[in-house]
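Visitor: Dropping the structure in here first, questions after.
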Amino acid sequence: MSILVEVYDPVTNFVWENVSVRVVESYQEWAAVTFPSPYADIYLTNADGRVLLDEYELTYVEVGFVEDANGRAQLVADRYQDEAVVTLEVSAAGFASVYVDVPLSWSDPDVFVEVPFY
């Protein structure tokens, strides 16, 4: 399971390097609860304007994912445990933060999301 985030300027279509991406919270279907992250850790976009939040990062930020034996966040095929929505904050000095909800599902666990930022 992973979220690949690309941050870009919709006016120029150029990507933003060194923009902060933070996992704010996630809504977990299995618990019907929103779990805020107790951490303010940020991940910076690379030269391609991207940051990858993989199954280890999603576990690390403690937003309620069930973990497998190797510490990886997971969703399972059970109809009450197969979906989650992760809220991300995209920010940079001098700009207003942008929040985006990213739906994840067991049937589509790897998501690419483009975030317009200006």
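Ligands are numbered from 1 in the order shown, chains are lettered A, B, ... in the order of the structure tokens, and residues start at 1 in each chain.
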Which neighbours of segment 29-33 of chain A fall inside 9 Å, counting only C-alpha atoms, when residues of the same chain fewer than 5 positions from it are skipped, and could you give them as a list of chain:residue names?
Guide: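 Near neighbours after the sequence-gap exclusion: A:Gly64, A:Arg79, A:Tyr80, A:Gln81, A:Asp82, A:Glu83, A:Ala84, A:Val85.
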Visitor: Find the residues near Gly49 of chain A: any atom within 6 Å, counting only C-alpha atoms, skip ones fewer than 2 places away on the same chain, and give them as number ranges by chain.
Guide: A: 6-7, 15-17, 45-47
Visitor: Could those selected residues go to a file with C-alpha atoms, as a PDB file, in the first residue's frame?
Guide:
ATOM      1  CA  GLU A   6       3.097  14.869  -6.966  1.00  0.00           C
ATOM      2  CA  VAL A   7       2.880  18.584  -6.164  1.00  0.00           C
ATOM      3  CA  VAL A  15       6.501  20.627 -10.225  1.00  0.00           C
ATOM      4  CA  TRP A  16       7.400  21.928  -6.783  1.00  0.00           C
ATOM      5  CA  GLU A  17      10.621  20.698  -5.181  1.00  0.00           C
ATOM      6  CA  THR A  45       9.119  16.530  -2.459  1.00  0.00           C
ATOM      7  CA  ASN A  46      12.103  15.607  -4.611  1.00  0.00           C
ATOM      8  CA  ALA A  47      13.299  17.222  -7.873  1.00  0.00           C
TER       9      ALA A  47
END
Visitor: What parts of segment 3-106 of chain A does DSSP call strand (DSSP E)? I'd like the answer as a ChimeraX atom specification.
Guide: /A:3-8,20-28,33-36,43-44,50-53,66-67,73-74,83-91,98-105
Visitor: In terms of the shortest atom-to-atom distance over only C-alpha atoms, which of A:Tyr8, A:Tyr27, A:Phe14, A:Tyr39 is closest to Leu104 of chain A?
Guide: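 The answer is A:Tyr27, which sits nearest to Leu104 of chain A.
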Visitor: Which neighbours of Leu44 of chain A fall inside 7 Å, counting only C-alpha atoms, when residues of the same chain fewer than 3 positions from it are skipped, and could you give them as number ranges by chain?
Guide: A: 18-21, 51
Visitor: Using C-alpha atoms, can you write the selected residues to a file as a CSV table (one decimal), in the first residue's frame?
Guide:
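See out18.csv below for the written result:
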chain,number,residue,atom,x,y,z
A,18,ASN,CA,11.1,20.8,-1.4
A,19,VAL,CA,7.5,21.3,-0.6
A,20,SER,CA,6.3,19.7,2.7
A,21,VAL,CA,3.9,16.8,2.7
A,51,VAL,CA,7.2,12.1,-2.3
Visitor: Take atom CA of Val61 of chain A and atom CA of Leu75 of chain A and report the distance between them in Å, one decimal.
Guide: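 Atom CA of Leu75 of chain A lies at a distance of 15.9 Å from atom CA of Val61 of chain A.
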Visitor: Using only C-alpha atoms, can you tell me which of A:Val24, A:Val66, A:Ala73, A:Leu52 comes closest to Asp101 of chain A?
Guide: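 Of A:Val24, A:Val66, A:Ala73, A:Leu52, the one nearest Asp101 of chain A, counting only C-alpha atoms, is A:Val24.
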Visitor: Residues of chain A in alpha helix (DSSP H) according to DSSP, as a PyMOL selection string?
Guide: chain A and resi 55-60
Visitor: Need to verify the contact set: Tyr60 of chain A, 10 Å, only C-alpha atoms, exclusion of same-chain residues closer than 4 positions in sequence. Can you return it as a count of residues only?
Guide: 10
Visitor: Between A:Val11, A:Val5, A:Val63, A:Val111, single out the one closest to Val23 of chain A, counting only C-alpha atoms.
Guide: A:Val63
Visitor: Which one is closest to Leu58 of chain A: A:Val86, A:Val102, A:Val113, A:Ala96? Count only C-alpha atoms.
Guide: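 Under the stated criterion, the closest residue is A:Val86.
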Visitor: How many Å separate atom CA of Arg50 of chain A from atom CA of Pro10 of chain A?
Guide: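 We find that atom CA of Arg50 of chain A and atom CA of Pro10 of chain A lie 15.1 Å from each other.
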